[in-house]
$ cat model-v7.cif   # mmCIF, C-alpha atoms (C1' of nucleotides)
data_upload
#
loop_
_atom_site.label_atom_id
_atom_site.label_comp_id
_atom_site.auth_asym_id
_atom_site.auth_seq_id
_atom_site.Cartn_x
_atom_site.Cartn_y
_atom_site.Cartn_z
CA MET Y 10 0.00 0.00 0.00
CA LEU Y 11 2.64 2.51 1.10
CA GLU Y 12 4.71 1.98 -2.03
CA TYR Y 13 1.75 2.93 -4.23
CA VAL Y 14 1.00 5.99 -2.15
CA LEU Y 15 4.62 7.13 -2.56
CA LEU Y 16 4.42 6.53 -6.31
CA GLY Y 17 1.14 8.45 -6.36
CA LEU Y 18 2.73 11.44 -4.67
CA LEU Y 19 5.61 11.37 -7.16
CA MET Y 20 3.20 11.37 -10.12
CA LYS Y 21 2.79 15.13 -9.73
CA GLN Y 22 6.22 16.28 -8.65
CA ASN Y 23 9.66 15.23 -7.48
CA LEU Y 24 9.95 14.99 -3.72
CA THR Y 25 12.26 13.93 -0.90
CA GLY Y 26 11.20 11.29 1.63
CA TYR Y 27 10.80 13.98 4.22
CA GLN Y 28 8.52 16.01 1.97
CA MET Y 29 6.37 12.96 1.25
CA LYS Y 30 5.89 12.39 4.97
CA ARG Y 31 4.93 16.04 5.44
CA PHE Y 32 2.57 15.89 2.49
CA MET Y 33 0.81 12.83 3.90
CA MET Y 34 0.47 14.59 7.23
CA VAL Y 35 -1.64 17.39 5.76
CA SER Y 36 -3.52 15.44 3.11
CA THR Y 37 -3.96 11.73 3.88
CA SER Y 38 -3.39 11.47 7.62
CA ASN Y 39 -7.10 11.06 8.33
CA PHE Y 40 -7.13 7.72 6.50
CA PHE Y 41 -3.50 6.84 5.85
CA ASN Y 42 -0.21 7.58 7.52
CA ALA Y 43 3.33 6.20 7.59
CA SER Y 44 6.42 6.67 9.71
CA PHE Y 45 9.96 7.43 8.51
CA GLY Y 46 10.90 3.91 9.51
CA SER Y 47 8.64 2.60 6.78
CA ILE Y 48 9.00 5.39 4.21
CA TYR Y 49 12.79 5.26 3.77
CA PRO Y 50 13.02 1.48 3.34
CA ALA Y 51 10.03 1.64 0.95
CA LEU Y 52 11.80 4.26 -1.18
CA ALA Y 53 14.94 2.11 -1.24
CA ARG Y 54 12.86 -0.88 -2.41
CA LEU Y 55 11.18 1.20 -5.12
CA GLU Y 56 14.52 2.43 -6.41
CA LYS Y 57 15.93 -1.10 -6.43
CA LYS Y 58 12.96 -2.19 -8.54
CA GLY Y 59 13.56 0.68 -10.97
CA MET Y 60 10.25 2.40 -10.20
CA ILE Y 61 11.94 5.62 -9.10
CA ILE Y 62 15.41 7.17 -9.18
CA SER Y 63 17.05 9.41 -6.64
CA THR Y 64 19.23 12.46 -7.17
CA ALA Y 65 21.49 13.65 -4.36
CA GLU Y 66 21.20 17.37 -3.70
CA VAL Y 67 22.90 19.76 -1.35
CA GLU Y 68 21.13 23.03 -0.69
CA HIS Y 69 22.01 25.46 2.11
CA GLY Y 70 24.50 22.83 3.28
CA LYS Y 71 21.71 20.31 3.78
CA TYR Y 72 21.95 16.96 2.05
CA SER Y 73 18.80 15.48 0.56
CA LYS Y 74 17.67 12.83 -1.92
CA VAL Y 75 15.07 13.94 -4.43
CA TYR Y 76 13.08 11.12 -6.01
CA THR Y 77 11.75 11.07 -9.58
CA ILE Y 78 9.22 8.54 -10.83
CA GLN Y 79 10.13 6.39 -13.85
CA GLU Y 80 7.91 4.98 -16.59
CA ALA Y 81 7.83 1.62 -14.81
CA GLY Y 82 6.68 3.37 -11.66
CA LYS Y 83 3.93 5.23 -13.47
CA ALA Y 84 2.72 2.02 -15.09
CA SER Y 85 2.77 0.16 -11.76
CA PHE Y 86 0.84 2.94 -10.05
CA MET Y 87 -1.82 3.14 -12.76
CA LYS Y 88 -2.28 -0.62 -12.75
CA TRP Y 89 -2.83 -0.56 -8.99
CA LEU Y 90 -5.19 2.41 -9.22
CA GLN Y 91 -7.33 0.74 -11.87
CA GLU Y 92 -7.97 -2.26 -9.59
CA PRO Y 93 -10.92 -1.53 -7.29
CA ALA Y 94 -10.32 -1.81 -3.52
CA ASN Y 95 -12.50 -3.60 -0.99
CA VAL Y 96 -14.71 -1.43 1.20
CA SER Y 97 -15.29 -4.15 3.80
CA ASP Y 98 -11.73 -5.12 4.70
CA THR Y 99 -11.36 -2.29 7.22
CA SER Y 100 -10.34 -3.22 10.75
CA HIS Y 101 -12.73 -1.18 12.96
CA ASN Y 102 -10.63 -1.35 16.07
CA HIS Y 103 -13.36 -0.14 18.39
CA LEU Y 104 -15.76 -2.91 17.34
CA ILE Y 105 -13.36 -5.54 18.68
CA LYS Y 106 -13.79 -4.06 22.15
CA LEU Y 107 -17.52 -3.56 21.70
CA PHE Y 108 -17.77 -7.25 20.90
CA PHE Y 109 -16.57 -8.04 24.42
CA TYR Y 110 -18.46 -5.28 26.27
CA ASP Y 111 -20.69 -7.84 28.00
CA TYR Y 112 -17.69 -8.31 30.32
CA LEU Y 113 -17.56 -4.60 31.16
CA ASP Y 114 -19.55 -2.74 33.80
CA SER Y 115 -22.12 -0.15 32.78
CA GLN Y 116 -20.14 2.85 34.07
CA THR Y 117 -16.99 2.02 32.10
CA LYS Y 118 -19.05 1.33 28.99
CA GLN Y 119 -20.65 4.73 29.29
CA LEU Y 120 -17.24 6.32 29.68
CA HIS Y 121 -16.09 4.63 26.48
CA TYR Y 122 -19.17 5.76 24.56
CA GLU Y 123 -18.51 9.32 25.65
CA VAL Y 124 -14.84 9.10 24.65
CA TYR Y 125 -15.78 7.75 21.20
CA ILE Y 126 -18.34 10.50 20.67
CA ARG Y 127 -15.78 13.13 21.65
CA GLN Y 128 -13.11 11.56 19.42
CA ALA Y 129 -15.47 11.48 16.44
CA MET Y 130 -16.71 15.03 17.03
CA ALA Y 131 -13.14 16.35 17.21
CA ALA Y 132 -12.12 14.45 14.06
CA LYS Y 133 -15.22 15.65 12.22
CA GLN Y 134 -14.60 19.27 13.21
CA LYS Y 135 -10.99 19.02 12.12
CA LEU Y 136 -12.11 17.80 8.69
CA ILE Y 137 -14.66 20.58 8.39
CA ASP Y 138 -11.98 23.12 9.25
CA THR Y 139 -9.73 21.65 6.56
CA ILE Y 140 -12.28 21.98 3.76
CA ASP Y 141 -11.69 25.64 2.92
CA LEU Y 142 -7.94 25.22 2.88
CA ALA Y 143 -8.14 22.04 0.79
CA LYS Y 144 -10.44 23.62 -1.79
CA LYS Y 145 -7.57 25.81 -2.92
CA THR Y 146 -5.11 23.02 -3.62
CA ALA Y 147 -6.97 19.72 -3.96
CA GLY Y 148 -8.93 18.38 -6.95
CA PRO Y 149 -12.56 17.25 -6.68
CA ASP Y 150 -11.73 13.59 -5.92
CA ARG Y 151 -9.34 14.54 -3.19
CA MET Y 152 -12.10 16.66 -1.64
CA GLN Y 153 -14.35 13.59 -1.53
CA THR Y 154 -12.03 11.91 0.95
CA LEU Y 155 -12.92 14.76 3.32
CA THR Y 156 -16.64 14.37 2.61
CA TYR Y 157 -16.35 10.68 3.35
CA GLY Y 158 -14.48 11.27 6.59
CA ILE Y 159 -17.18 13.66 7.77
CA ALA Y 160 -19.95 11.16 6.98
CA TYR Y 161 -17.96 8.36 8.61
CA HIS Y 162 -17.55 10.27 11.86
CA THR Y 163 -21.16 11.49 11.82
CA ASN Y 164 -22.18 7.85 11.62
CA ILE Y 165 -20.02 7.01 14.64
CA ILE Y 166 -21.44 9.92 16.65
CA ASP Y 167 -24.98 8.74 15.89
CA PHE Y 168 -24.16 5.15 16.73
CA TYR Y 169 -22.55 5.77 20.10
CA THR Y 170 -25.09 8.44 21.03
CA ARG Y 171 -27.75 5.76 20.61
CA LEU Y 172 -25.80 3.29 22.74
CA LEU Y 173 -25.32 5.96 25.38
CA ALA Y 174 -29.06 6.64 25.51
CA ASP Y 175 -29.82 2.91 25.69
CA ASN Y 176 -27.31 2.50 28.51
CA HIS Y 177 -28.93 5.33 30.49
CA GLN Y 178 -32.36 3.72 30.19
CA VAL Y 179 -31.03 0.49 31.75
CA MET H 22 -4.86 -7.11 19.16
CA LEU H 23 -5.14 -10.80 18.22
CA GLU H 24 -3.81 -11.93 21.60
CA TYR H 25 -6.59 -10.05 23.39
CA VAL H 26 -9.25 -11.45 21.10
CA LEU H 27 -8.01 -14.97 21.84
CA LEU H 28 -8.07 -14.24 25.58
CA GLY H 29 -11.57 -12.81 25.17
CA LEU H 30 -12.80 -15.98 23.51
CA LEU H 31 -11.29 -18.07 26.31
CA MET H 32 -13.06 -15.99 28.98
CA LYS H 33 -16.24 -17.98 28.37
CA GLN H 34 -14.97 -21.48 27.62
CA ASN H 35 -11.93 -23.63 26.89
CA LEU H 36 -11.16 -23.91 23.19
CA THR H 37 -8.61 -25.27 20.72
CA GLY H 38 -6.91 -22.98 18.24
CA TYR H 39 -8.97 -24.44 15.45
CA GLN H 40 -12.21 -23.76 17.33
CA MET H 41 -11.17 -20.16 17.95
CA LYS H 42 -10.60 -19.65 14.24
CA ARG H 43 -14.02 -21.16 13.49
CA PHE H 44 -15.62 -19.02 16.16
CA MET H 45 -14.12 -15.85 14.71
CA MET H 46 -15.34 -16.83 11.27
CA VAL H 47 -19.00 -16.79 12.36
CA SER H 48 -18.87 -13.95 14.87
CA THR H 49 -16.13 -11.38 14.25
CA SER H 50 -15.15 -11.91 10.60
CA ASN H 51 -16.98 -8.75 9.50
CA PHE H 52 -14.56 -6.61 11.49
CA PHE H 53 -11.74 -8.90 12.59
CA ASN H 54 -10.16 -12.05 11.27
CA ALA H 55 -6.93 -13.99 11.65
CA SER H 56 -5.22 -16.86 9.87
CA PHE H 57 -3.84 -20.04 11.45
CA GLY H 58 -0.38 -18.71 10.75
CA SER H 59 -0.99 -15.95 13.27
CA ILE H 60 -3.26 -17.79 15.71
CA TYR H 61 -0.92 -20.66 16.59
CA PRO H 62 2.15 -18.51 17.21
CA ALA H 63 -0.02 -16.11 19.25
CA LEU H 64 -1.26 -18.98 21.43
CA ALA H 65 2.32 -20.15 21.96
CA ARG H 66 3.30 -16.62 23.02
CA LEU H 67 0.36 -16.38 25.43
CA GLU H 68 1.25 -19.71 27.03
CA LYS H 69 4.88 -18.69 27.38
CA LYS H 70 3.73 -15.55 29.19
CA GLY H 71 1.56 -17.63 31.55
CA MET H 72 -1.72 -16.10 30.30
CA ILE H 73 -3.13 -19.46 29.25
CA ILE H 74 -2.26 -23.16 29.64
CA SER H 75 -2.80 -25.98 27.19
CA THR H 76 -3.93 -29.51 27.85
CA ALA H 77 -3.21 -32.20 25.27
CA GLU H 78 -6.24 -34.27 24.40
CA VAL H 79 -6.81 -37.25 22.15
CA GLU H 80 -10.39 -37.94 21.14
CA HIS H 81 -11.42 -40.33 18.36
CA GLY H 82 -7.73 -40.70 17.60
CA LYS H 83 -7.44 -36.98 16.88
CA TYR H 84 -4.85 -34.97 18.78
CA SER H 85 -5.73 -31.49 19.96
CA LYS H 86 -4.58 -28.82 22.43
CA VAL H 87 -7.33 -27.30 24.55
CA TYR H 88 -6.46 -23.91 26.03
CA THR H 89 -7.61 -22.61 29.42
CA ILE H 90 -7.28 -18.99 30.51
CA GLN H 91 -5.33 -18.24 33.71
CA GLU H 92 -5.85 -15.47 36.25
CA ALA H 93 -3.03 -13.46 34.66
CA GLY H 94 -4.79 -13.81 31.31
CA LYS H 95 -8.12 -12.65 32.69
CA ALA H 96 -6.48 -9.64 34.34
CA SER H 97 -4.60 -8.75 31.14
CA PHE H 98 -7.78 -9.02 29.08
CA MET H 99 -9.83 -6.87 31.46
CA LYS H 100 -7.13 -4.22 31.60
CA TRP H 101 -7.10 -4.03 27.80
CA LEU H 102 -10.90 -3.97 27.62
CA GLN H 103 -11.16 -1.10 30.10
CA GLU H 104 -8.93 1.09 27.93
CA PRO H 105 -11.01 2.87 25.26
CA ALA H 106 -10.02 2.35 21.62
CA ASN H 107 -9.63 5.04 18.96
CA VAL H 108 -12.44 5.34 16.42
CA SER H 109 -10.35 7.31 13.93
CA ASP H 110 -7.34 5.04 13.49
CA THR H 111 -9.04 2.89 10.87
CA SER H 112 -7.29 2.50 7.53
CA HIS H 113 -10.13 2.96 4.95
CA ASN H 114 -8.40 1.23 2.11
CA HIS H 115 -10.73 2.51 -0.57
CA LEU H 116 -10.09 6.15 0.37
CA ILE H 117 -6.44 5.78 -0.55
CA LYS H 118 -7.46 5.04 -4.13
CA LEU H 119 -10.17 7.70 -4.11
CA PHE H 120 -7.46 10.18 -3.14
CA PHE H 121 -5.73 9.54 -6.47
CA TYR H 122 -8.84 9.26 -8.66
CA ASP H 123 -7.97 12.48 -10.47
CA TYR H 124 -5.52 10.29 -12.43
CA LEU H 125 -8.29 7.87 -13.44
CA ASP H 126 -10.68 8.17 -16.39
CA SER H 127 -14.39 8.69 -15.80
CA GLN H 128 -15.41 5.21 -17.03
CA THR H 129 -13.09 3.33 -14.69
CA LYS H 130 -14.13 5.54 -11.80
CA GLN H 131 -17.75 4.73 -12.46
CA LEU H 132 -16.93 1.04 -12.54
CA HIS H 133 -15.25 1.32 -9.17
CA TYR H 134 -18.20 3.19 -7.65
CA GLU H 135 -20.50 0.43 -8.87
CA VAL H 136 -18.24 -2.27 -7.45
CA TYR H 137 -18.10 -0.53 -4.07
CA ILE H 138 -21.89 -0.16 -3.96
CA ARG H 139 -22.33 -3.83 -4.80
CA GLN H 140 -19.72 -4.86 -2.20
CA ALA H 141 -21.39 -2.79 0.50
CA MET H 142 -24.88 -4.01 -0.42
CA ALA H 143 -23.76 -7.64 -0.26
CA ALA H 144 -21.99 -7.11 3.07
CA LYS H 145 -25.03 -5.31 4.49
CA GLN H 146 -27.41 -8.05 3.39
CA LYS H 147 -25.16 -10.70 4.89
CA LEU H 148 -25.24 -8.88 8.23
CA ILE H 149 -29.02 -8.54 8.10
CA ASP H 150 -29.31 -12.25 7.39
CA THR H 151 -27.09 -12.99 10.39
CA ILE H 152 -29.21 -11.03 12.88
CA ASP H 153 -31.85 -13.69 13.59
CA LEU H 154 -29.26 -16.38 14.07
CA ALA H 155 -27.11 -14.17 16.29
CA LYS H 156 -30.03 -13.15 18.50
CA LYS H 157 -30.16 -16.70 19.86
CA THR H 158 -26.52 -16.88 20.97
CA ALA H 159 -25.10 -13.37 21.28
CA GLY H 160 -25.55 -10.86 24.11
CA PRO H 161 -26.81 -7.31 23.48
CA ASP H 162 -23.34 -5.79 23.00
CA ARG H 163 -22.34 -8.43 20.52
CA MET H 164 -25.48 -7.61 18.55
CA GLN H 165 -24.42 -3.99 18.36
CA THR H 166 -21.41 -4.92 16.23
CA LEU H 167 -23.93 -6.09 13.63
CA THR H 168 -25.94 -2.87 13.95
CA TYR H 169 -22.76 -0.88 13.45
CA GLY H 170 -21.75 -2.91 10.41
CA ILE H 171 -25.13 -2.29 8.79
CA ALA H 172 -24.91 1.46 9.43
CA TYR H 173 -21.31 1.52 8.17
CA HIS H 174 -22.21 -0.15 4.88
CA THR H 175 -25.36 1.95 4.46
CA ASN H 176 -23.13 4.99 4.73
CA ILE H 177 -20.81 3.64 2.03
CA ILE H 178 -23.72 2.87 -0.27
CA ASP H 179 -25.03 6.42 0.15
CA PHE H 180 -21.61 7.94 -0.41
CA TYR H 181 -20.74 6.10 -3.62
CA THR H 182 -24.28 6.42 -4.95
CA ARG H 183 -23.83 10.17 -4.68
CA LEU H 184 -20.43 10.03 -6.44
CA LEU H 185 -21.97 7.89 -9.17
CA ALA H 186 -24.75 10.41 -9.73
CA ASP H 187 -22.23 13.28 -9.80
CA ASN H 188 -20.10 11.41 -12.30
CA HIS H 189 -23.09 10.86 -14.59
CA GLN H 190 -23.91 14.55 -14.55
CA VAL H 191 -20.40 15.34 -15.80
"C1'" DT U 19 -9.71 -44.54 -2.52
"C1'" DA U 20 -10.19 -39.80 -3.12
"C1'" DG U 21 -11.35 -35.82 -0.97
"C1'" DC U 22 -12.91 -33.14 2.77
"C1'" DG U 23 -12.92 -31.58 7.52
"C1'" DC U 24 -10.31 -31.57 11.77
"C1'" DA U 25 -6.02 -30.16 13.79
"C1'" DT U 26 -1.31 -28.34 14.50
"C1'" DG U 27 2.55 -26.22 13.16
"C1'" DT U 28 6.74 -23.97 10.37
"C1'" DA U 29 9.05 -21.11 6.67
"C1'" DA U 30 9.33 -17.42 3.62
"C1'" DT U 31 8.03 -13.09 3.07
"C1'" DA U 32 6.19 -8.65 3.87
"C1'" DT U 33 5.32 -4.76 6.38
"C1'" DG U 34 4.92 -1.87 10.09
"C1'" DT U 35 6.22 0.86 14.60
"C1'" DT U 36 9.34 2.93 17.99
"C1'" DA U 37 13.59 4.21 19.32
"C1'" DC U 38 18.05 5.39 18.35
"C1'" DA U 39 22.03 7.67 15.79
"C1'" DT U 40 23.77 11.47 13.23
"C1'" DG U 41 24.30 16.10 11.79
"C1'" DA U 42 23.07 20.38 9.56
"C1'" DT U 43 20.35 24.88 9.68
"C1'" DT U 44 17.03 28.00 11.52
"C1'" DT U 45 14.48 30.24 15.04
"C1'" DC U 46 13.74 32.05 19.73
"C1'" DG N 10 23.08 28.82 23.28
"C1'" DA N 11 19.06 25.91 23.35
"C1'" DA N 12 15.47 24.00 20.92
"C1'" DA N 13 12.96 23.09 16.85
"C1'" DT N 14 12.95 21.76 12.12
"C1'" DC N 15 15.11 19.58 8.14
"C1'" DA N 16 16.89 15.22 6.61
"C1'" DT N 17 18.38 10.35 6.27
"C1'" DG N 18 18.91 6.05 7.89
"C1'" DT N 19 19.37 1.59 10.93
"C1'" DA N 20 18.10 -1.79 14.68
"C1'" DA N 21 15.04 -4.17 17.55
"C1'" DC N 22 10.80 -5.75 17.73
"C1'" DA N 23 6.11 -7.06 16.55
"C1'" DT N 24 2.87 -8.89 13.75
"C1'" DA N 25 0.69 -10.45 9.76
"C1'" DT N 26 -0.17 -13.42 5.35
"C1'" DT N 27 0.41 -17.35 2.22
"C1'" DA N 28 2.06 -21.57 1.29
"C1'" DC N 29 3.66 -25.73 2.70
"C1'" DA N 30 4.07 -30.11 5.63
"C1'" DT N 31 1.94 -33.63 8.28
"C1'" DG N 32 -1.52 -36.86 9.64
"C1'" DC N 33 -6.02 -38.71 11.36
"C1'" DG N 34 -11.12 -39.89 10.67
"C1'" DC N 35 -15.22 -39.76 8.06
"C1'" DT N 36 -17.94 -39.89 3.97
"C1'" DA N 37 -19.19 -40.50 -0.98
#
$ encode --input "model-v7.cif" --output "structure tokens"
Amino acid sequence: MLEYVLLGLLMKQNLTGYQMKRFMMVSTSNFFNASFGSIYPALARLEKKGMIISTAEVEHGKYSKVYTIQEAGKASFMKWLQEPANVSDTSHNHLIKLFFYDYLDSQTKQLHYEVYIRQAMAAKQKLIDTIDLAKKTAGPDRMQTLTYGIAYHTNIIDFYTRLLADNHQV
Amino acid sequence: MLEYVLLGLLMKQNLTGYQMKRFMMVSTSNFFNASFGSIYPALARLEKKGMIISTAEVEHGKYSKVYTIQEAGKASFMKWLQEPANVSDTSHNHLIKLFFYDYLDSQTKQLHYEVYIRQAMAAKQKLIDTIDLAKKTAGPDRMQTLTYGIAYHTNIIDFYTRLLADNHQV
DNA sequence: TAGCGCATGTAATATGTTACATGATTTC
DNA sequence: GAAATCATGTAACATATTACATGCGCTA
């Protein structure tokens, strides 16, 4: 997955590993993120496979490696992009706990529901705040990832608000 | 994560690794699944840590290892369960592609939208079909994982139906 | 007797995180 | 002068998948 994301970022412009990380932070972090410990080895693998090439640069005394995508990399990326994903193979971390909530007391459950509602509200607000900024730089499809994130978190707020109400009744 | 799920399954009854896999298949597979290649090593780790103990059994000539949870295992499980999860740290595989859809032609995009709608509809229907069966065995919290799954897939259907309509207009 | 289900396990491979190591420049 | 940011990379560790290896009992 990461390798394709890196190729995708390089489709538009040449970047260093550090820049790719920073780019992900502001654009994909709500649904995808990676650490330096996975980015740098991934770039090395991609170069070894001939998908990208690096050029050493020294600017203001700082050494950096700028990566450029190759034809093979473009082809590999497009092939991956053309294959549809699977919308169901998401992990839903919180559901794993919910599955075992019969072992948890009512008070702690309620606390969890409240935490999840707060988490989702904060995430949703953050996405809403991003919209205006993103409109200036991102294309229409990129904007849809924000729309989805908002709907996703709205759904979570609704769900746990219902569980909270049910828990109160009991 | 897997280790806690295995402990959670053993909270109720003693099971073999094979039975745990089968149990996950019918109860958690819509949001969590694991292969034998991860289950058996995980059980070995848990036993080494003193969380569970195994008893060798031979029935009808078939050898099996039945696992029993220990006090340390119960404590570890409850500690994990009491800690709230994070609703935002899900990966959303399909969004990663959506992010790059500006590079894709309109026809292929439309095909993807249709695939995602069909995937979500099938998954939703499967969950609905499971409800009656689950009502007999599962507690109220366990049922909620089904409710969530239905809402999650409904949200996806709505989202991609909207994108499909927008794409047609263009 | 062929194949399936039960049952356990290992090997190769992939992929990820966190922490550490290094060193430059820029900002307070 | 300290701290933050830029920038790359490795090491230890954790965890997962797929494929393979083995072998028994039951059923068609």
$ interface_residues --input "model-v7.cif" --of "chain N" --to "chain H" --cutoff "12 Å" --atoms "all atoms listed in the file" --output "JSON, numbers by chain"
{"N": [23, 24, 25, 26, 27, 28, 29, 32, 33, 34, 35]}
$ resolve_selection --input "model-v7.cif" --expression "the PyMOL selection byres ((chain Y) within 8 of (chain H))" --output "ChimeraX atom specification"
/Y:14,17,37,39-41,90-91,93-111,113,117,121,124-125,128-129,132,148-151,153-154,157,160-161,164-165,168
$ resolve_selection --input "model-v7.cif" --expression "the PyMOL selection byres ((chain U) within 8 of (chain Y))" --output "count of residues only"
4
$ atom_distance --input "model-v7.cif" --atom1 "atom CA of Met41 of chain H" --atom2 "atom CA of Ser115 of chain Y"
27.2 Å
$ residues_around --input "model-v7.cif" --residues "DA39 of chain U" --least-positions-apart "4" --cutoff "12 Å" --atoms "all atoms listed in the file" --output "ChimeraX atom specification"
/N:17-20
$ axis_aligned_box --input "model-v7.cif" --around "segment 25-36 of chain U" --padding-each-side "8 Å" --output "lines of an AutoDock Vina configuration file"
center_x = 1.7
center_y = -13.6
center_z = 10.5
size_x = 31.4
size_y = 49.1
size_z = 30.9
$ atom_distance --input "model-v7.cif" --atom1 "atom C1' of DA29 of chain U" --atom2 "atom CA of Pro50 of chain Y"
23.2 Å
$ resolve_selection --input "model-v7.cif" --expression "the PyMOL selection byres ((chain H and resi 35) around 7)" --output "MDAnalysis selection string"
chainID H and resid 31 34 36 87:89
$ atom_distance --input "model-v7.cif" --atom1 "atom C1' of DG41 of chain U" --atom2 "atom C1' of DC15 of chain N"
10.5 Å
$ closest_residue --input "model-v7.cif" --among "Y:Met130, Y:Leu136, Y:Met33, Y:Ala84" --to "Thr170 of chain Y" --atoms "only C-alpha atoms"
Y:Met130
$ closest_residue --input "model-v7.cif" --among "H:Thr158, H:Thr76, H:Gln131, H:Gln40" --to "Leu27 of chain H" --atoms "only C-alpha atoms"
H:Gln40
$ decode --input "model-v7.cif" --residues "segment 26-37 of chain N" --atoms "N, CA and C atoms (P, O5', C5', C4', C3', O3' and C1' of nucleotides)" --output "mmCIF file, in the first residue's frame"
data_model
loop_
_atom_site.group_PDB
_atom_site.id
_atom_site.type_symbol
_atom_site.label_atom_id
_atom_site.label_comp_id
_atom_site.auth_asym_id
_atom_site.auth_seq_id
_atom_site.Cartn_x
_atom_site.Cartn_y
_atom_site.Cartn_z
ATOM 1 P P DT N 26 -3.441 -12.354 9.067
ATOM 2 O "O5'" DT N 26 -2.664 -12.487 7.684
ATOM 3 C "C5'" DT N 26 -2.614 -11.394 6.760
ATOM 4 C "C4'" DT N 26 -1.920 -11.850 5.489
ATOM 5 C "C3'" DT N 26 -2.515 -13.144 4.932
ATOM 6 O "O3'" DT N 26 -2.801 -13.008 3.542
ATOM 7 C "C1'" DT N 26 -0.165 -13.425 5.349
ATOM 8 P P DT N 27 -3.682 -14.189 2.844
ATOM 9 O "O5'" DT N 27 -2.567 -15.120 2.174
ATOM 10 C "C5'" DT N 27 -1.515 -14.529 1.420
ATOM 11 C "C4'" DT N 27 -0.557 -15.601 0.969
ATOM 12 C "C3'" DT N 27 -1.211 -16.907 0.514
ATOM 13 O "O3'" DT N 27 -0.682 -17.248 -0.763
ATOM 14 C "C1'" DT N 27 0.406 -17.349 2.223
ATOM 15 P P DA N 28 -1.231 -18.607 -1.538
ATOM 16 O "O5'" DA N 28 -0.057 -19.635 -1.224
ATOM 17 C "C5'" DA N 28 1.297 -19.164 -1.148
ATOM 18 C "C4'" DA N 28 2.197 -20.284 -0.665
ATOM 19 C "C3'" DA N 28 1.750 -21.687 -1.066
ATOM 20 O "O3'" DA N 28 2.880 -22.367 -1.594
ATOM 21 C "C1'" DA N 28 2.065 -21.574 1.290
ATOM 22 P P DC N 29 2.719 -23.880 -2.184
ATOM 23 O "O5'" DC N 29 3.291 -24.773 -0.992
ATOM 24 C "C5'" DC N 29 4.624 -24.523 -0.536
ATOM 25 C "C4'" DC N 29 4.847 -25.226 0.788
ATOM 26 C "C3'" DC N 29 4.605 -26.742 0.755
ATOM 27 O "O3'" DC N 29 5.840 -27.399 1.001
ATOM 28 C "C1'" DC N 29 3.658 -25.734 2.702
ATOM 29 P P DA N 30 5.962 -29.000 0.723
ATOM 30 O "O5'" DA N 30 5.728 -29.581 2.193
ATOM 31 C "C5'" DA N 30 6.546 -29.164 3.273
ATOM 32 C "C4'" DA N 30 6.102 -29.894 4.523
ATOM 33 C "C3'" DA N 30 5.614 -31.322 4.276
ATOM 34 O "O3'" DA N 30 6.379 -32.210 5.082
ATOM 35 C "C1'" DA N 30 4.072 -30.106 5.628
ATOM 36 P P DT N 31 6.262 -33.815 4.868
ATOM 37 O "O5'" DT N 31 5.226 -34.217 6.001
ATOM 38 C "C5'" DT N 31 5.408 -33.737 7.338
ATOM 39 C "C4'" DT N 31 4.189 -34.047 8.150
ATOM 40 C "C3'" DT N 31 3.518 -35.382 7.837
ATOM 41 O "O3'" DT N 31 3.859 -36.324 8.826
ATOM 42 C "C1'" DT N 31 1.945 -33.631 8.278
ATOM 43 P P DG N 32 3.590 -37.933 8.593
ATOM 44 O "O5'" DG N 32 2.108 -38.125 9.132
ATOM 45 C "C5'" DG N 32 1.804 -37.815 10.486
ATOM 46 C "C4'" DG N 32 0.312 -37.753 10.641
ATOM 47 C "C3'" DG N 32 -0.448 -38.912 9.966
ATOM 48 O "O3'" DG N 32 -1.191 -39.594 10.936
ATOM 49 C "C1'" DG N 32 -1.520 -36.861 9.643
ATOM 50 P P DC N 33 -1.611 -41.115 10.819
ATOM 51 O "O5'" DC N 33 -3.061 -41.093 11.455
ATOM 52 C "C5'" DC N 33 -3.245 -40.484 12.738
ATOM 53 C "C4'" DC N 33 -4.634 -39.906 12.788
ATOM 54 C "C3'" DC N 33 -5.718 -40.886 12.332
ATOM 55 O "O3'" DC N 33 -6.519 -41.244 13.445
ATOM 56 C "C1'" DC N 33 -6.017 -38.712 11.359
ATOM 57 P P DG N 34 -7.588 -42.464 13.319
ATOM 58 O "O5'" DG N 34 -8.903 -41.701 12.830
ATOM 59 C "C5'" DG N 34 -9.531 -40.737 13.672
ATOM 60 C "C4'" DG N 34 -10.757 -40.185 12.967
ATOM 61 C "C3'" DG N 34 -11.762 -41.240 12.508
ATOM 62 O "O3'" DG N 34 -13.059 -40.776 12.867
ATOM 63 C "C1'" DG N 34 -11.115 -39.893 10.671
ATOM 64 P P DC N 35 -14.349 -41.737 12.837
ATOM 65 O "O5'" DC N 35 -15.136 -41.095 11.612
ATOM 66 C "C5'" DC N 35 -15.442 -39.698 11.611
ATOM 67 C "C4'" DC N 35 -15.884 -39.257 10.230
ATOM 68 C "C3'" DC N 35 -16.975 -40.137 9.601
ATOM 69 O "O3'" DC N 35 -18.030 -39.279 9.207
ATOM 70 C "C1'" DC N 35 -15.219 -39.755 8.063
ATOM 71 P P DT N 36 -19.548 -39.829 8.988
ATOM 72 O "O5'" DT N 36 -19.684 -39.632 7.405
ATOM 73 C "C5'" DT N 36 -19.486 -38.348 6.821
ATOM 74 C "C4'" DT N 36 -19.162 -38.481 5.346
ATOM 75 C "C3'" DT N 36 -20.150 -39.333 4.535
ATOM 76 O "O3'" DT N 36 -20.591 -38.540 3.436
ATOM 77 C "C1'" DT N 36 -17.942 -39.887 3.972
ATOM 78 P P DA N 37 -22.052 -38.757 2.818
ATOM 79 O "O5'" DA N 37 -21.738 -38.868 1.257
ATOM 80 C "C5'" DA N 37 -20.945 -37.860 0.611
ATOM 81 C "C4'" DA N 37 -20.271 -38.458 -0.613
ATOM 82 C "C3'" DA N 37 -21.185 -39.317 -1.495
ATOM 83 O "O3'" DA N 37 -21.127 -38.876 -2.850
ATOM 84 C "C1'" DA N 37 -19.187 -40.504 -0.983
#
